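Colleague: The structure file coords_13.tsv (TSV, C-alpha atoms) is provided below.
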chain	number	residue	atom	x	y	z
N	1332	MET	CA	47.20	-12.89	15.83
N	1333	LYS	CA	44.30	-13.79	13.52
N	1334	LEU	CA	43.41	-17.49	13.40
N	1335	ASN	CA	43.79	-19.23	10.02
N	1336	LEU	CA	40.45	-20.97	9.51
N	1337	ARG	CA	41.93	-23.33	6.95
N	1338	ALA	CA	43.84	-24.97	9.79
N	1339	VAL	CA	40.66	-25.46	11.87
N	1340	ASP	CA	38.30	-28.43	11.71
N	1341	LEU	CA	34.97	-26.64	11.91
N	1342	ASN	CA	33.32	-29.84	13.16
N	1343	LEU	CA	35.05	-29.11	16.48
N	1344	LEU	CA	32.70	-26.15	16.96
N	1345	THR	CA	29.70	-28.45	17.34
N	1346	VAL	CA	31.55	-30.27	20.13
N	1347	PHE	CA	32.43	-26.95	21.75
N	1348	ASP	CA	28.80	-25.79	21.54
N	1349	ALA	CA	27.47	-29.02	23.05
N	1350	LEU	CA	29.97	-28.97	25.94
N	1351	LEU	CA	29.04	-25.37	26.73
N	1352	ARG	CA	25.36	-26.23	26.85
N	1353	VAL	CA	25.43	-29.49	28.83
N	1354	GLN	CA	28.82	-29.11	30.62
N	1355	ASN	CA	29.16	-32.87	30.80
N	1356	LEU	CA	31.39	-35.04	28.60
N	1357	SER	CA	29.13	-38.11	28.53
N	1358	ARG	CA	25.95	-36.15	27.84
N	1359	ALA	CA	27.65	-34.13	25.11
N	1360	ALA	CA	28.83	-37.37	23.46
N	1361	GLU	CA	25.30	-38.81	23.64
N	1362	GLU	CA	23.78	-35.64	22.14
N	1363	LEU	CA	26.28	-35.57	19.29
N	1364	GLY	CA	26.06	-39.30	18.57
N	1365	MET	CA	29.77	-39.70	19.30
N	1366	SER	CA	31.76	-41.86	21.67
N	1367	GLN	CA	33.13	-40.27	24.85
N	1368	PRO	CA	36.76	-40.82	23.75
N	1369	ALA	CA	36.00	-39.06	20.45
N	1370	VAL	CA	34.60	-36.05	22.31
N	1371	SER	CA	37.64	-36.03	24.61
N	1372	ALA	CA	39.93	-36.07	21.56
N	1373	ALA	CA	37.97	-33.20	19.98
N	1374	LEU	CA	38.28	-31.20	23.20
N	1375	SER	CA	42.04	-31.74	23.19
N	1376	ARG	CA	42.25	-30.39	19.63
N	1377	LEU	CA	40.08	-27.41	20.59
N	1378	ARG	CA	42.41	-26.59	23.49
N	1379	LEU	CA	45.38	-26.56	21.12
N	1380	THR	CA	43.54	-24.45	18.57
N	1381	MET	CA	42.24	-21.85	21.02
N	1382	LYS	CA	45.27	-22.03	23.31
N	1383	ASP	CA	43.10	-22.29	26.41
N	1384	GLU	CA	41.96	-25.04	28.78
N	1385	LEU	CA	38.34	-24.15	27.86
N	1386	PHE	CA	36.77	-26.62	30.37
N	1387	VAL	CA	37.90	-27.66	33.86
N	1388	ARG	CA	36.67	-30.86	35.49
N	1389	THR	CA	34.74	-30.32	38.71
N	1390	ARG	CA	32.45	-32.49	40.81
N	1391	SER	CA	29.45	-30.92	39.12
N	1392	GLY	CA	30.77	-31.35	35.57
N	1393	MET	CA	32.90	-29.50	33.02
N	1394	LYS	CA	33.16	-25.86	34.07
N	1395	PRO	CA	33.87	-23.45	31.16
N	1396	THR	CA	36.74	-21.00	31.46
N	1397	PRO	CA	36.22	-17.24	30.85
N	1398	ARG	CA	37.70	-17.75	27.36
N	1399	ALA	CA	35.11	-20.43	26.58
N	1400	LEU	CA	32.25	-18.30	27.92
N	1401	ALA	CA	33.38	-15.34	25.81
N	1402	ALA	CA	33.27	-17.48	22.67
N	1403	GLN	CA	29.90	-19.11	23.45
N	1404	ALA	CA	27.58	-16.56	21.79
N	1405	PRO	CA	29.68	-15.99	18.63
N	1406	VAL	CA	30.11	-19.74	18.07
N	1407	ALA	CA	26.39	-20.41	18.58
N	1408	GLU	CA	25.52	-17.61	16.13
N	1409	ALA	CA	28.04	-18.90	13.57
N	1410	LEU	CA	26.63	-22.44	13.78
N	1411	ALA	CA	23.09	-21.12	13.36
N	1412	LEU	CA	24.11	-19.11	10.28
N	1413	MET	CA	25.87	-22.11	8.77
N	1414	ALA	CA	22.88	-24.37	9.42
N	1415	GLY	CA	20.57	-21.84	7.80
N	1416	ALA	CA	22.80	-21.42	4.77
N	1417	LEU	CA	23.09	-25.17	4.23
N	1418	SER	CA	19.49	-26.06	5.03
N	1419	SER	CA	17.32	-27.39	2.20
N	1420	ASP	CA	14.35	-25.76	3.94
N	1421	GLN	CA	15.76	-22.25	4.02
N	1422	GLN	CA	13.33	-19.33	4.06
N	1423	PHE	CA	13.50	-16.09	2.08
N	1424	ALA	CA	12.44	-12.88	3.82
N	1425	PRO	CA	12.03	-10.28	1.04
N	1426	ALA	CA	11.34	-7.43	3.48
N	1427	SER	CA	14.88	-7.68	4.89
N	1428	ALA	CA	16.76	-9.17	1.93
N	1429	GLU	CA	19.37	-7.37	-0.17
N	1430	ARG	CA	19.31	-8.99	-3.58
N	1431	GLN	CA	19.32	-8.09	-7.26
N	1432	PHE	CA	17.48	-10.50	-9.54
N	1433	SER	CA	18.36	-10.77	-13.23
N	1434	LEU	CA	15.86	-11.21	-16.05
N	1435	LEU	CA	16.34	-11.77	-19.76
N	1436	ALA	CA	13.20	-10.86	-21.68
N	1437	ASP	CA	11.83	-9.60	-24.93
N	1438	GLY	CA	11.21	-5.88	-25.37
N	1439	TYR	CA	7.51	-6.74	-25.30
N	1440	LEU	CA	7.84	-7.50	-21.60
N	1441	GLU	CA	9.33	-4.07	-20.88
N	1442	MET	CA	6.23	-2.39	-22.33
N	1443	THR	CA	3.60	-4.64	-20.75
N	1444	ALA	CA	4.81	-6.15	-17.48
N	1445	LEU	CA	8.10	-4.66	-16.30
N	1446	GLY	CA	6.39	-1.88	-14.36
N	1447	GLY	CA	4.21	-4.39	-12.50
N	1448	ILE	CA	7.19	-6.61	-11.70
N	1449	MET	CA	9.17	-3.65	-10.35
N	1450	GLN	CA	6.21	-2.48	-8.26
N	1451	ALA	CA	5.84	-5.98	-6.77
N	1452	LEU	CA	9.57	-6.08	-5.92
N	1453	GLN	CA	9.53	-2.65	-4.30
N	1454	THR	CA	6.44	-3.51	-2.30
N	1455	ALA	CA	8.02	-6.75	-1.06
N	1456	GLY	CA	11.29	-5.19	0.07
N	1457	LEU	CA	13.32	-2.03	-0.41
N	1458	GLY	CA	16.50	-4.07	-0.76
N	1459	LEU	CA	15.23	-5.90	-3.86
N	1460	SER	CA	16.09	-4.75	-7.37
N	1461	LEU	CA	16.04	-6.05	-10.93
N	1462	ARG	CA	18.56	-6.12	-13.77
N	1463	ASN	CA	16.66	-6.59	-17.02
N	1464	THR	CA	18.42	-7.42	-20.29
N	1465	VAL	CA	16.55	-7.42	-23.58
N	1466	LEU	CA	16.70	-10.61	-25.60
N	1467	ASP	CA	18.83	-10.25	-28.67
N	1468	ARG	CA	21.03	-13.02	-30.02
N	1469	HIS	CA	21.46	-14.78	-26.69
N	1470	ASP	CA	21.88	-18.53	-26.47
N	1471	VAL	CA	19.19	-18.81	-23.81
N	1472	ALA	CA	19.91	-22.41	-22.78
N	1473	SER	CA	23.62	-21.72	-22.27
N	1474	ALA	CA	23.00	-18.43	-20.46
N	1475	LEU	CA	20.66	-20.14	-17.99
N	1476	ALA	CA	22.99	-23.12	-17.53
N	1477	ARG	CA	25.80	-20.68	-16.64
N	1478	LEU	CA	23.46	-18.92	-14.15
N	1479	GLU	CA	23.86	-15.60	-15.98
N	1480	TYR	CA	20.14	-14.91	-15.44
N	1481	ASP	CA	17.58	-15.89	-12.84
N	1482	ALA	CA	14.84	-16.20	-15.45
N	1483	VAL	CA	13.97	-15.74	-19.12
N	1484	ILE	CA	10.59	-14.76	-20.56
N	1485	ASP	CA	10.24	-15.41	-24.27
N	1486	PHE	CA	7.94	-16.59	-27.06
N	1487	VAL	CA	10.42	-19.34	-27.97
N	1488	ARG	CA	10.69	-22.34	-25.67
N	1489	VAL	CA	14.09	-23.79	-24.75
N	1490	GLU	CA	14.44	-27.56	-24.69
N	1491	SER	CA	17.12	-28.52	-22.16
N	1492	ASP	CA	17.31	-30.77	-19.09
N	1493	LYS	CA	19.12	-27.91	-17.34
N	1494	VAL	CA	16.21	-25.50	-17.80
N	1495	CYS	CA	12.78	-25.49	-16.14
N	1496	VAL	CA	9.94	-24.23	-18.33
N	1497	ALA	CA	6.40	-23.10	-17.56
N	1498	PRO	CA	3.75	-21.45	-19.80
N	1499	ILE	CA	2.62	-18.10	-18.39
N	1500	GLY	CA	0.28	-16.78	-21.05
N	1501	GLU	CA	-0.72	-16.66	-24.69
N	1502	GLN	CA	-0.48	-13.82	-27.18
N	1503	GLU	CA	-2.85	-13.28	-30.07
N	1504	LEU	CA	-1.03	-11.75	-33.04
N	1505	VAL	CA	-2.66	-8.97	-35.03
N	1506	VAL	CA	-1.70	-6.69	-37.89
N	1507	ILE	CA	-1.61	-2.88	-37.76
N	1508	ALA	CA	-1.91	-0.43	-40.67
N	1509	ARG	CA	-2.39	3.32	-40.88
N	1510	ARG	CA	-5.88	4.71	-41.00
N	1511	GLY	CA	-6.69	5.73	-44.56
N	1512	HIS	CA	-4.47	3.04	-46.04
N	1513	PRO	CA	-5.23	3.21	-49.79
N	1514	ARG	CA	-5.73	-0.54	-50.24
N	1515	LEU	CA	-7.17	-1.64	-46.90
N	1516	ARG	CA	-10.65	-0.97	-45.59
N	1517	ARG	CA	-12.49	-3.03	-42.98
N	1518	GLN	CA	-10.67	-6.32	-43.36
N	1519	LEU	CA	-7.31	-7.77	-44.32
N	1520	SER	CA	-7.13	-10.83	-46.57
N	1521	VAL	CA	-4.22	-13.24	-46.87
N	1522	GLU	CA	-3.54	-11.93	-50.36
N	1523	GLN	CA	-3.45	-8.33	-49.14
N	1524	TYR	CA	-1.19	-9.26	-46.24
N	1525	PHE	CA	1.46	-10.73	-48.53
N	1526	ALA	CA	1.03	-8.04	-51.20
N	1527	GLU	CA	1.98	-5.20	-48.84
N	1528	GLY	CA	5.39	-4.27	-47.46
N	1529	HIS	CA	6.15	-5.09	-43.83
N	1530	ILE	CA	7.99	-3.67	-40.84
N	1531	LEU	CA	9.89	-6.44	-39.06
N	1532	LEU	CA	11.80	-6.73	-35.85
N	1533	ARG	CA	15.52	-7.24	-36.31
N	1534	GLN	CA	16.17	-10.95	-36.70
N	1535	ARG	CA	17.13	-12.85	-33.56
N	1536	SER	CA	18.54	-15.72	-35.54
N	1537	ARG	CA	20.37	-15.86	-38.80
N	1538	TYR	CA	17.45	-17.35	-40.66
N	1539	ARG	CA	14.24	-16.43	-38.88
N	1540	THR	CA	12.50	-13.34	-37.55
N	1541	GLN	CA	10.95	-13.42	-34.08
N	1542	LEU	CA	7.48	-13.98	-35.55
N	1543	GLU	CA	8.70	-16.93	-37.56
N	1544	LEU	CA	10.44	-18.41	-34.51
N	1545	ALA	CA	7.20	-18.04	-32.55
N	1546	LEU	CA	5.33	-19.79	-35.37
N	1547	GLY	CA	7.64	-22.76	-35.08
N	1548	GLY	CA	10.28	-21.60	-37.52
N	1549	GLU	CA	7.99	-21.49	-40.59
N	1550	ARG	CA	9.31	-19.05	-43.16
N	1551	LEU	CA	6.88	-16.22	-44.08
N	1552	GLN	CA	7.69	-14.81	-47.49
N	1553	ARG	CA	6.92	-11.11	-47.04
N	1554	ARG	CA	8.27	-8.02	-48.70
N	1555	VAL	CA	10.32	-6.29	-46.02
N	1556	ASP	CA	10.32	-2.50	-46.03
N	1557	VAL	CA	12.44	-2.01	-42.93
N	1558	HIS	CA	13.74	-3.77	-39.81
N	1559	VAL	CA	13.34	-2.04	-36.44
N	1560	GLN	CA	14.88	-2.75	-33.04
N	1561	HIS	CA	11.74	-2.81	-30.87
N	1562	PHE	CA	7.97	-3.23	-31.10
N	1563	ALA	CA	7.62	0.38	-29.94
N	1564	ALA	CA	9.16	1.59	-33.22
N	1565	MET	CA	6.48	-0.07	-35.35
N	1566	PRO	CA	3.42	2.17	-34.76
N	1567	PRO	CA	5.00	5.55	-35.61
N	1568	VAL	CA	6.42	4.09	-38.82
N	1569	VAL	CA	3.12	2.40	-39.71
N	1570	ALA	CA	1.20	5.62	-39.04
N	1571	GLN	CA	3.28	7.47	-41.66
N	1572	THR	CA	3.63	4.79	-44.35
N	1573	ASP	CA	1.67	2.08	-46.17
N	1574	SER	CA	3.69	-0.65	-44.45
N	1575	LEU	CA	2.10	-3.28	-42.21
N	1576	ALA	CA	3.41	-4.68	-38.92
N	1577	THR	CA	2.54	-7.83	-36.96
N	1578	LEU	CA	2.62	-7.75	-33.16
N	1579	PRO	CA	0.74	-8.96	-30.05
N	1580	ARG	CA	-2.80	-7.65	-29.68
N	1581	VAL	CA	-2.22	-6.17	-26.21
N	1582	LEU	CA	0.47	-3.89	-27.66
N	1583	ALA	CA	-1.49	-3.04	-30.80
N	1584	GLU	CA	-4.51	-1.91	-28.77
N	1585	ARG	CA	-2.33	0.30	-26.57
N	1586	PHE	CA	-0.62	1.81	-29.57
N	1587	ALA	CA	-3.94	2.38	-31.36
N	1588	ARG	CA	-4.90	4.86	-28.64
N	1589	ALA	CA	-1.78	6.92	-29.29
N	1590	TYR	CA	-1.29	6.60	-33.05
N	1591	ASP	CA	-3.53	6.92	-36.09
N	1592	ILE	CA	-3.56	3.21	-36.86
N	1593	GLN	CA	-6.12	0.44	-37.29
N	1594	VAL	CA	-5.90	-3.17	-36.03
N	1595	PHE	CA	-6.74	-6.25	-38.11
N	1596	PRO	CA	-6.91	-9.90	-37.11
N	1597	PHE	CA	-3.96	-11.94	-38.32
N	1598	PRO	CA	-5.19	-13.27	-41.69
N	1599	LEU	CA	-3.77	-16.79	-41.38
N	1600	PRO	CA	-5.33	-19.48	-39.16
N	1601	MET	CA	-2.99	-19.69	-36.20
N	1602	PRO	CA	-3.35	-20.50	-32.49
N	1603	ALA	CA	-2.29	-17.94	-29.92
N	1604	VAL	CA	1.47	-17.81	-29.39
N	1605	PRO	CA	2.46	-19.04	-25.89
N	1606	THR	CA	4.76	-17.05	-23.63
N	1607	TRP	CA	7.28	-19.14	-21.67
N	1608	LEU	CA	8.94	-18.58	-18.32
N	1609	MET	CA	12.28	-20.39	-18.09
N	1610	TRP	CA	14.83	-20.64	-15.28
N	1611	PRO	CA	17.93	-22.68	-14.29
N	1612	ALA	CA	17.07	-26.09	-12.87
N	1613	SER	CA	20.17	-25.87	-10.66
N	1614	LEU	CA	18.59	-23.05	-8.62
N	1615	ALA	CA	15.75	-25.24	-7.32
N	1616	GLY	CA	17.24	-25.20	-3.82
N	1617	ASP	CA	17.48	-21.40	-3.61
N	1618	ALA	CA	14.55	-20.05	-1.59
N	1619	GLY	CA	15.04	-16.51	-2.89
N	1620	HIS	CA	15.00	-17.70	-6.47
N	1621	ARG	CA	11.85	-19.75	-5.89
N	1622	TRP	CA	10.20	-16.62	-4.48
N	1623	PHE	CA	11.20	-14.60	-7.56
N	1624	ILE	CA	9.81	-17.22	-9.95
N	1625	GLU	CA	6.49	-17.18	-8.10
N	1626	LEU	CA	6.43	-13.38	-8.33
N	1627	LEU	CA	6.91	-13.62	-12.11
N	1628	ARG	CA	4.11	-16.19	-12.35
N	1629	THR	CA	1.82	-13.86	-10.40
N	1630	GLN	CA	2.66	-10.96	-12.70
N	1631	ALA	CA	2.17	-13.09	-15.82
N	1632	ARG	CA	-1.40	-11.87	-16.18
N	1633	LEU	CA	0.06	-8.53	-17.30
N	1634	LEU	CA	1.42	-10.25	-20.39
N	1635	THR	CA	-2.01	-11.16	-21.75
Here is a file; write its structure as structure tokens.
Modeller:
Amino acid sequence: MKLNLRAVDLNLLTVFDALLRVQNLSRAAEELGMSQPAVSAALSRLRLTMKDELFVRTRSGMKPTPRALAAQAPVAEALALMAGALSSDQQFAPASAERQFSLLADGYLEMTALGGIMQALQTAGLGLSLRNTVLDRHDVASALARLEYDAVIDFVRVESDKVCVAPIGEQELVVIARRGHPRLRRQLSVEQYFAEGHILLRQRSRYRTQLELALGGERLQRRVDVHVQHFAAMPPVVAQTDSLATLPRVLAERFARAYDIQVFPFPLPMPAVPTWLMWPASLAGDAGHRWFIELLRTQARLLT
């Protein structure tokens, strides 16, 4: 008949383990920081639970019964596993771990850094994998507070006492236009920027585009020709139209090698846009999570 663990005081196992090791009631009590009567009472409860005498008094001490000896290794292993699981100094061994991490990130990350992150995970351990979800209309602070994701990488910083935040890079914004654009030559003025039509990412909030959110919410009055779902859709549309698009320089330079487009500096004075790494503060005690955050920090150079 299988034992119902809910009816067992698991603290009794530490007494059982100590008695097996020292085979002396007084020494076991001293080791456990308990009184000898308390250890005797625990032994009585163990005998009832396991339906065996467990230890027999002899001149040389408490001799374990065959039932006690048979349980020695499993109990010791169980206590070690419990101590490891509850320890604040637990270690994470990626080479032997089986774990899927979850990341919420902008589509920009998929094109610049996701490959490097996946390569680092696969190199660290074959049992590690990643579930990546593209940022859309997520409430990032709430999603992290509910532990729906291990980390978020975004241009927009979350302000919450339940979220840890660290800068991991800066992005210079540039403007792309097709080569042979009828009104643009070697430079792009502010007036020209606002006079032309623009390709925008689909809005992530009701009132602001992603660029405007990154710029602190300032509204940019531009003529919108079309909204697209991802940065990757901008270059082929730009290459075939007179529309402009604004995006990070690292993407624009990659796209310029594949499409017939030219790259202009952003015409407004503006500092580089920071990229933020954010994660749940409540996971600070998780060794595996700490390892994953450090991996993302290491790979952050791919975002610049």
Colleague: So how far away is atom CA of Ile1484 of chain N from atom CA of Asn1463 of chain N, in Å?
Modeller: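 So the two atoms, atom CA of Asn1463 of chain N and atom CA of Ile1484 of chain N, lie 10.8 Å apart.
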Colleague: Nearest to Ala1526 of chain N among N:Val1483, N:Gln1502, N:Arg1488, N:Leu1575, with distances taken over all atoms listed in the file: which residue is it?
Modeller: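 So, comparing all the options, the nearest one is N:Leu1575.
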Colleague: Edge lengths and centre, in Å to one decimal, as JSON: that's what I need for the box along x, y and z that holds all listed atoms of segment 1566-1574 of chain N plus 3 Å on each side.
Modeller:
{"center_x": 3.8, "center_y": 3.4, "center_z": -40.5, "size_x": 11.2, "size_y": 14.1, "size_z": 17.4}
Colleague: Skipping near chain neighbours, those fewer than 5 positions away, what residues fall within 10 Å of segment 1357-1364 of chain N using only C-alpha atoms, listed as a PyMOL selection string?
Modeller: chain N and resi 1345-1352+1369-1371+1392
Colleague: Excluding segment 1589-1600 of chain N and any residue of its chain fewer than 2 positions from it, enumerate the residues within 8 Å of it, using only C-alpha atoms, and give them as a ChimeraX atom specification.
Modeller: /N:1504-1510,1518-1521,1524,1566-1567,1569-1570,1577,1583-1587,1602
Colleague: Any idea what the distance is between atom CA of Thr1396 of chain N and atom CA of Leu1377 of chain N?
Modeller: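 Rounded to one decimal, the two atoms are 13.1 Å apart.
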Colleague: Grab the atom CA of Gly1458 of chain N to atom CA of Ala1426 of chain N distance for me, in Å with one decimal place.
Modeller: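 Here the two named atoms are 7.5 Å from each other.
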Colleague: Given the choices N:Thr1389, N:Asn1342, N:Gln1453, N:Gln1431, which gets closest to Ala1373 of chain N if the distance is worked out from only C-alpha atoms?
Modeller: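 Under the stated criterion, the closest residue is N:Asn1342.
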Colleague: Which is closer to Met1442 of chain N than all the others in N:Leu1343, N:Ala1472, N:Ala1612, N:Val1465, using only C-alpha atoms?
Modeller: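 Using only C-alpha atoms, the shortest distance to Met1442 of chain N belongs to N:Val1465.
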Colleague: Could you give me, as a VMD selection string, the residues within 8 Å of Ser1574 of chain N, counting all atoms listed in the file and dropping anything in the same chain fewer than 6 positions from it?
Modeller: chain N and resid 1508 1527 to 1530 1556 1568
Colleague: Rank nothing, just name the residue among N:Asp1573, N:Lys1493, N:His1561, N:Gln1422 nearest to Leu1515 of chain N, using all atoms listed in the file.
Modeller: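 Result for the nearest residue to Leu1515 of chain N: N:Asp1573.
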Colleague: Of the residues N:Glu1522, N:Asp1492, N:Glu1501, N:Asp1470, which is the one nearest to Leu1608 of chain N, using all atoms listed in the file?
Modeller: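 The closest residue to Leu1608 of chain N is N:Glu1501.
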Colleague: Ranking N:Ile1499, N:Val1387, N:Leu1614, N:Ala1631 by minimum distance to Glu1479 of chain N and counting only C-alpha atoms, which one comes first?
Modeller: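 Closest to Glu1479 of chain N of all the choices is N:Leu1614.
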